[in-house]
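Text of work01.txt (compact mmCIF, C-alpha atoms) as supplied:
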# COMPACT_ATOMS: atom_id res chain seq x y z
CA MET A 1 127.13 90.40 108.60
CA GLU A 2 128.16 94.07 108.90
CA GLN A 3 129.04 94.12 105.19
CA ALA A 4 125.68 92.60 104.25
CA ILE A 5 123.82 95.19 106.33
CA ASP A 6 125.82 98.10 104.88
CA SER A 7 125.09 96.83 101.38
CA PHE A 8 121.40 96.58 102.25
CA ILE A 9 121.31 100.15 103.63
CA ARG A 10 122.80 101.44 100.36
CA PHE A 11 120.18 99.43 98.46
CA LEU A 12 117.38 101.05 100.50
CA ALA A 13 118.74 104.54 99.90
CA VAL A 14 119.65 104.30 96.23
CA GLU A 15 117.36 101.75 94.62
CA ARG A 16 114.29 101.78 96.85
CA GLY A 17 114.43 105.49 97.70
CA LEU A 18 113.29 104.86 101.27
CA SER A 19 113.57 107.56 103.89
CA GLU A 20 116.58 108.11 106.11
CA ASN A 21 114.42 107.32 109.16
CA TYR A 22 113.47 103.96 107.67
CA GLN A 23 117.09 103.21 106.85
CA LEU A 24 118.13 104.02 110.42
CA SER A 25 115.33 101.94 111.92
CA THR A 26 116.45 99.06 109.72
CA GLN A 27 120.04 99.53 110.83
CA ARG A 28 118.95 99.46 114.48
CA SER A 29 117.42 96.02 113.84
CA LYS A 30 120.92 94.48 113.66
CA LYS A 31 121.79 91.53 115.88
CA LYS A 32 125.39 90.56 116.56
CA ILE A 33 125.77 87.54 114.26
CA ASP A 34 128.85 86.76 112.19
CA HIS A 35 127.14 85.72 108.95
CA PRO A 36 123.59 85.94 107.54
CA CYS A 37 123.56 82.17 106.99
CA SER A 38 123.68 81.75 110.78
CA VAL A 39 120.26 83.35 111.13
CA THR A 40 117.37 80.90 111.42
CA LEU A 41 113.68 81.33 112.11
CA PRO A 42 114.10 80.31 115.82
CA VAL A 43 116.90 82.89 116.19
CA ILE A 44 114.67 85.62 114.75
CA SER A 45 111.71 84.51 116.85
CA GLU A 46 113.80 84.62 120.04
CA TYR A 47 115.12 88.06 119.14
CA LEU A 48 111.58 89.38 118.58
CA ALA A 49 110.43 87.79 121.85
CA ASP A 50 113.29 89.60 123.63
CA ARG A 51 112.21 92.91 122.11
CA LYS A 52 108.63 92.29 123.20
CA ARG A 53 109.72 91.44 126.75
CA ALA A 54 111.73 94.67 126.75
CA GLY A 55 108.46 96.55 126.26
CA LEU A 56 108.60 97.28 122.52
CA SER A 57 105.16 98.00 121.08
CA ALA A 58 103.49 95.78 118.47
CA SER A 59 103.81 98.54 115.86
CA SER A 60 107.57 98.83 116.48
CA ILE A 61 107.99 95.04 116.30
CA LYS A 62 106.05 95.07 113.04
CA LEU A 63 108.58 97.54 111.60
CA ILE A 64 111.42 95.20 112.61
CA VAL A 65 109.68 92.20 111.02
CA VAL A 66 109.09 94.12 107.79
CA ALA A 67 112.75 95.24 107.75
CA MET A 68 113.93 91.65 108.27
CA LYS A 69 111.68 90.35 105.51
CA ILE A 70 113.05 92.90 103.04
CA PHE A 71 116.64 92.30 104.24
CA PHE A 72 116.64 88.53 103.82
CA ARG A 73 114.70 88.72 100.55
CA PHE A 74 117.46 91.07 99.36
CA LEU A 75 120.20 88.63 100.45
CA ALA A 76 118.40 85.65 98.90
CA GLY A 77 118.12 87.57 95.63
CA LYS A 78 121.90 88.11 95.67
CA GLY A 79 122.51 84.45 96.50
CA GLU A 80 124.13 85.24 99.85
CA VAL A 81 121.69 82.99 101.75
CA LYS A 82 120.21 79.75 100.46
CA ARG A 83 116.89 80.08 102.27
CA ASP A 84 115.03 83.14 103.51
CA PRO A 85 114.63 82.57 107.30
CA ALA A 86 112.15 85.44 107.61
CA GLU A 87 109.77 84.17 104.93
CA ALA A 88 107.54 82.36 107.44
CA LEU A 89 107.45 85.29 109.88
CA ALA A 90 103.94 86.57 110.51
CA LEU A 91 103.36 90.28 111.07
CA PRO A 92 102.08 90.97 114.59
CA ARG A 93 98.50 92.11 114.86
CA ILE A 94 98.24 95.71 115.95
CA GLU A 95 95.35 96.65 118.15
CA ARG A 96 93.46 99.56 116.64
CA TYR A 97 92.65 102.35 119.03
CA LEU A 98 89.71 104.58 118.28
CA PRO A 99 90.98 108.08 117.54
CA GLU A 100 89.99 110.91 119.83
CA THR A 101 87.91 113.68 118.29
CA LEU A 102 86.38 117.03 119.13
CA ASN A 103 82.67 117.54 118.61
CA GLU A 104 81.47 120.33 116.34
CA LEU A 105 80.81 122.76 119.18
CA GLN A 106 84.29 122.21 120.60
CA VAL A 107 85.87 122.91 117.21
CA GLU A 108 83.84 126.11 116.93
CA GLN A 109 84.92 127.17 120.43
CA LEU A 110 88.58 126.51 119.60
CA LEU A 111 88.40 128.60 116.43
CA GLU A 112 86.32 131.46 117.78
CA LYS A 113 88.65 131.96 120.76
CA ILE A 114 91.61 132.78 118.47
CA ASN A 115 92.28 136.52 118.71
CA THR A 116 92.91 137.72 115.15
CA LYS A 117 93.70 141.26 116.32
CA VAL A 118 97.07 140.30 117.82
CA PRO A 119 100.29 139.54 115.86
CA HIS A 120 100.12 136.14 114.10
CA GLY A 121 96.41 135.86 114.96
CA LEU A 122 95.23 135.85 111.33
CA ARG A 123 97.89 133.30 110.40
CA ASP A 124 97.07 131.02 113.31
CA ARG A 125 93.33 131.21 112.65
CA ALA A 126 93.87 130.36 108.96
CA MET A 127 96.13 127.42 109.86
CA ILE A 128 93.73 125.88 112.32
CA GLU A 129 90.71 126.51 110.07
CA LEU A 130 92.54 124.71 107.28
CA LEU A 131 93.61 121.75 109.44
CA TYR A 132 89.97 121.14 110.31
CA ALA A 133 88.41 122.12 106.96
CA SER A 134 90.60 119.89 104.81
CA GLY A 135 91.90 117.20 107.18
CA LEU A 136 95.54 117.98 106.44
CA ARG A 137 98.47 116.32 108.12
CA THR A 138 100.80 118.76 109.91
CA SER A 139 103.55 118.20 107.32
CA GLU A 140 101.09 118.88 104.51
CA LEU A 141 100.09 122.18 106.10
CA ALA A 142 103.75 123.17 106.59
CA ASN A 143 104.50 122.45 102.91
CA ALA A 144 101.33 124.07 101.50
CA ARG A 145 102.28 126.52 98.75
CA LEU A 146 100.52 129.46 97.12
CA GLU A 147 100.50 127.91 93.66
CA ASN A 148 98.62 124.86 94.95
CA PHE A 149 95.55 126.85 96.05
CA ASN A 150 92.60 127.67 93.84
CA PHE A 151 90.41 130.18 95.65
CA GLU A 152 87.82 130.33 92.89
CA GLU A 153 87.18 126.57 93.07
CA ARG A 154 87.97 126.40 96.82
CA ILE A 155 90.31 123.45 96.35
CA MET A 156 93.98 122.79 97.03
CA ARG A 157 96.55 120.32 95.74
CA VAL A 158 98.31 118.43 98.52
CA THR A 159 101.42 116.24 98.39
CA GLY A 160 101.12 113.64 101.12
CA LYS A 161 102.76 110.39 102.22
CA GLY A 162 104.70 108.55 99.55
CA ASN A 163 104.89 111.78 97.53
CA LYS A 164 101.30 111.17 96.38
CA THR A 165 99.27 114.15 95.24
CA ARG A 166 95.58 114.60 95.95
CA ILE A 167 92.98 117.34 95.60
CA VAL A 168 91.06 118.39 98.72
CA PRO A 169 88.27 120.94 99.11
CA MET A 170 88.45 123.94 101.42
CA GLY A 171 85.45 125.25 103.33
CA ARG A 172 84.14 128.78 102.89
CA LYS A 173 85.27 129.85 106.38
CA ALA A 174 88.75 128.43 105.82
CA CYS A 175 89.01 130.32 102.53
CA GLU A 176 87.91 133.56 104.20
CA ALA A 177 90.44 133.11 107.03
CA LEU A 178 93.18 132.30 104.52
CA ALA A 179 92.34 135.34 102.34
CA ALA A 180 92.48 137.63 105.39
CA TYR A 181 95.92 136.28 106.36
CA LEU A 182 97.31 136.47 102.83
CA SER A 183 96.17 140.05 102.24
CA THR A 184 97.01 141.52 105.66
CA GLU A 185 99.59 139.53 107.60
CA ARG A 186 101.70 137.36 105.29
CA PRO A 187 103.18 140.34 103.37
CA LYS A 188 104.74 141.51 106.65
CA PHE A 189 106.59 138.20 107.03
CA ILE A 190 108.06 138.05 103.52
CA LYS A 191 111.84 138.37 103.30
CA ARG A 192 114.21 138.16 100.36
CA SER A 193 114.83 134.48 101.10
CA SER A 194 111.12 133.58 101.45
CA SER A 195 109.62 130.95 99.18
CA SER A 196 105.98 130.38 98.24
CA GLU A 197 104.98 128.41 101.35
CA ILE A 198 101.71 129.81 102.65
CA PHE A 199 102.49 129.89 106.35
CA LEU A 200 105.62 131.83 107.28
CA SER A 201 107.41 132.72 110.47
CA GLU A 202 108.47 136.28 111.31
CA ARG A 203 111.86 135.40 109.78
CA GLY A 204 110.16 134.67 106.46
CA THR A 205 110.84 130.94 106.61
CA LYS A 206 108.22 128.22 106.43
CA LEU A 207 106.85 126.98 109.73
CA THR A 208 108.15 123.65 110.96
CA THR A 209 105.78 120.88 112.00
CA ALA A 210 107.00 121.29 115.59
CA ARG A 211 106.11 125.00 115.51
CA ILE A 212 102.65 124.25 114.10
CA TRP A 213 102.14 121.78 116.96
CA GLN A 214 103.12 124.48 119.47
CA ILE A 215 100.73 127.00 117.92
CA VAL A 216 97.78 124.61 118.05
CA LYS A 217 98.57 123.71 121.67
CA LYS A 218 98.79 127.40 122.62
CA HIS A 219 95.36 128.20 121.21
CA ALA A 220 93.94 125.02 122.73
CA ARG A 221 95.00 126.26 126.16
CA HIS A 222 93.43 129.66 125.52
CA SER A 223 90.17 128.12 124.29
CA GLY A 224 89.20 126.85 127.74
CA LEU A 225 88.54 123.35 126.44
CA GLU A 226 89.61 120.66 128.92
CA LYS A 227 90.88 118.30 126.26
CA ASN A 228 94.25 117.31 124.85
CA ILE A 229 94.12 119.15 121.52
CA TYR A 230 96.83 118.66 118.88
CA PRO A 231 96.94 119.03 115.07
CA HIS A 232 96.10 115.41 114.21
CA LEU A 233 93.03 115.61 116.46
CA LEU A 234 91.61 118.12 113.99
CA ARG A 235 92.20 115.65 111.15
CA HIS A 236 90.35 112.95 113.11
CA SER A 237 87.53 115.41 113.82
CA PHE A 238 87.35 116.37 110.12
CA ALA A 239 86.84 112.74 109.07
CA THR A 240 84.44 111.87 111.89
CA HIS A 241 82.21 114.90 111.28
CA LEU A 242 82.07 114.18 107.55
CA LEU A 243 81.06 110.59 108.21
CA GLY A 244 78.53 111.60 110.87
CA ASN A 245 76.89 113.99 108.42
CA GLY A 246 76.52 111.36 105.72
CA ALA A 247 79.71 111.51 103.62
CA ASP A 248 80.74 108.38 101.73
CA LEU A 249 83.68 106.50 103.27
CA ARG A 250 85.50 106.24 99.92
CA ILE A 251 85.34 110.01 99.46
CA ILE A 252 86.72 110.52 102.98
CA GLN A 253 89.51 108.06 102.18
CA GLU A 254 90.41 110.10 99.10
CA MET A 255 90.38 113.40 100.98
CA LEU A 256 92.56 112.00 103.78
CA GLY A 257 94.99 110.43 101.32
CA HIS A 258 94.72 106.95 102.82
CA ALA A 259 96.14 104.25 100.57
CA ASP A 260 93.95 101.56 102.16
CA ILE A 261 90.24 101.87 102.97
CA SER A 262 90.82 99.84 106.16
CA THR A 263 92.71 102.82 107.60
CA THR A 264 89.69 105.05 107.01
CA GLN A 265 87.23 102.47 108.39
CA VAL A 266 88.35 103.25 111.95
CA TYR A 267 86.09 106.31 111.71
CA THR A 268 83.04 104.10 111.25
CA HIS A 269 83.79 102.65 114.70
CA VAL A 270 84.04 106.17 116.13
CA ASP A 271 80.65 106.98 114.63
CA GLN A 272 79.17 103.76 116.03
CA GLN A 273 80.49 104.69 119.47
CA ARG A 274 78.79 108.08 119.15
CA LEU A 275 75.50 106.47 118.13
CA LYS A 276 75.66 104.08 121.08
CA ALA A 277 76.38 106.94 123.47
CA VAL A 278 73.38 108.90 122.18
CA HIS A 279 71.20 105.80 122.48
CA ARG A 280 72.30 105.18 126.06
CA GLN A 281 71.70 108.81 126.98
CA PHE A 282 68.27 109.29 125.44
CA HIS A 283 66.52 105.95 125.03
CA PRO A 284 64.20 105.17 127.99
CA ARG A 285 65.12 101.47 128.03
CA ALA A 286 68.79 101.77 127.15
Output the file's structure in the form of structure tokens.
Amino acid sequence: MEQAIDSFIRFLAVERGLSENYQLSTQRSKKKIDHPCSVTLPVISEYLADRKRAGLSASSIKLIVVAMKIFFRFLAGKGEVKRDPAEALALPRIERYLPETLNELQVEQLLEKINTKVPHGLRDRAMIELLYASGLRTSELANARLENFNFEERIMRVTGKGNKTRIVPMGRKACEALAAYLSTERPKFIKRSSSSEIFLSERGTKLTTARIWQIVKKHARHSGLEKNIYPHLLRHSFATHLLGNGADLRIIQEMLGHADISTTQVYTHVDQQRLKAVHRQFHPRA
């Protein structure tokens, strides 16, 4: 069994090009069984039931199921098992939670409270403006490079999940904040080892996603807003505000870089919740 799993991990890394995290999560799905032929559907079902009883979330169990399906399909293809015991496994349904968002006034308060007169202020303002203006993921912001921006057209090229590239627009205010940072503050951070990433630390290196998270949290505390504010909340707010102001769902899907429209459709539920709340608040017979 160990040999089969090691062979599978190499297959994931070399032929499928899957991430190290995915390989490790697959490796953690191992169960102490001598040979793959010993694994049956009841054995797998019992194992998954044990993981559920242990408190594993539906999304984590789904990852295990997907890993098992790929693993046994791989073994069946090599002729190491006669039948694929995971073929009949159904993926668990994952309950969709409505994403939290800020309203437009809260976003404005967050941005306007950033002091651009202090060190890093112009950089931080540009980062947070861009997170909200273009709906970027934290990793996409960290990897944003100078050559991918077009200030004249106010667009940027983004490489997102699955190494897929998309074009997203930038708002006027985000462009202004970015121009101020690039002309005044970024040159002070540049070192001999610096690359073309837009957002740099004082050491001249690109900011990590963890550092971007810390920066957003710091300015959230200073804004006076009593809300749990984090980078992805700005992405949710970006999509929700576009939808609420009449943007087409397919266009929002493209700007967010969602592979499946069903992922983007969660924002329609957020908008419906907002409409219901307004109705309850203002309609005399609500």
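Nearest to Leu111 (chain A) of all the residues A:Ala220, A:Leu200, A:Met255, A:Leu41 is A:Ala220, counting all atoms listed in the file.
CA of Ala144 (chain A) to CA of Thr208 (chain A) spans 11.7 Å [interatomic distance, one decimal].
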Fill in: Computed interatomic separation between CA of Gly162 (chain A) and CA of Cys175 (chain A) (Å)
27.0 Å
Practice prompt. Would you be able to write out as a PyMOL selection string which residues have an atom within 10 Å of (91.1, 122.9, 104.8) in the file's coordinates, counting all atoms listed in the file?
Written response: chain A and resi 126-136+141+154-156+168-175+178+235+238
Practice prompt. Excluding region 226-230 of chain A and any residue of its chain fewer than 6 positions from it, enumerate the residues within 9 Å of it, using all atoms listed in the file, and give them as a VMD selection string.
Written response: chain A and resid 101 to 102 213 to 214 216 to 217 220
For the selection just defined, write its residues with C-alpha atoms to a file, as an mmCIF file, in the frame of the given file.
data_model
loop_
_atom_site.group_PDB
_atom_site.id
_atom_site.type_symbol
_atom_site.label_atom_id
_atom_site.label_comp_id
_atom_site.auth_asym_id
_atom_site.auth_seq_id
_atom_site.Cartn_x
_atom_site.Cartn_y
_atom_site.Cartn_z
ATOM 1 C CA THR A 101 87.910 113.680 118.290
ATOM 2 C CA LEU A 102 86.380 117.030 119.130
ATOM 3 C CA TRP A 213 102.140 121.780 116.960
ATOM 4 C CA GLN A 214 103.120 124.480 119.470
ATOM 5 C CA VAL A 216 97.780 124.610 118.050
ATOM 6 C CA LYS A 217 98.570 123.710 121.670
ATOM 7 C CA ALA A 220 93.940 125.020 122.730
#
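Comparing the minimum interatomic distances between Val270 (chain A) and each of A:Arg211, A:Glu100, A:Glu254, A:Arg192, counting only C-alpha atoms, we find that A:Glu100 sits nearest.
Nearest-residue note for Asn150 (chain A): choosing from A:Ala277, A:Thr138, A:Ile64, A:Ala179, the minimum distance belongs to A:Ala179, counting only C-alpha atoms.
Compared by their closest atoms to Glu147 (chain A), and using all atoms listed in the file, the residues A:Thr263, A:Ser195, A:Ser38, A:Asn103 rank with A:Ser195 nearest.
Across the model, the gap from CA of Ala86 (chain A) to CA of Phe72 (chain A) is 6.6 Å.
With all atoms listed in the file as the atoms that count, the residue of A:Pro85, A:Pro119, A:Pro284, A:Gly160 with the shortest distance to Ser45 (chain A) is A:Pro85.
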Worksheet item: With only C-alpha atoms as the atoms that count, which of A:Gln106, A:Ser60, A:Ser237, A:Asn115 lies nearest to Pro92 (chain A)?
Response: A:Ser60
Discussion item. Taking 5 positions as the minimum chain separation for residues in the same chain, which residues sit within 9 Å of Leu48 (chain A) when counting only C-alpha atoms? Answer as a PyMOL selection string.
Written reply: chain A and resi 43+53+61+64-65
Worksheet entry | Local residues around (87.6, 132.5, 126.1), at most 10 Å away, using all atoms listed in the file, as a PyMOL selection string | chain A and resi 109-110+112-115+221-225
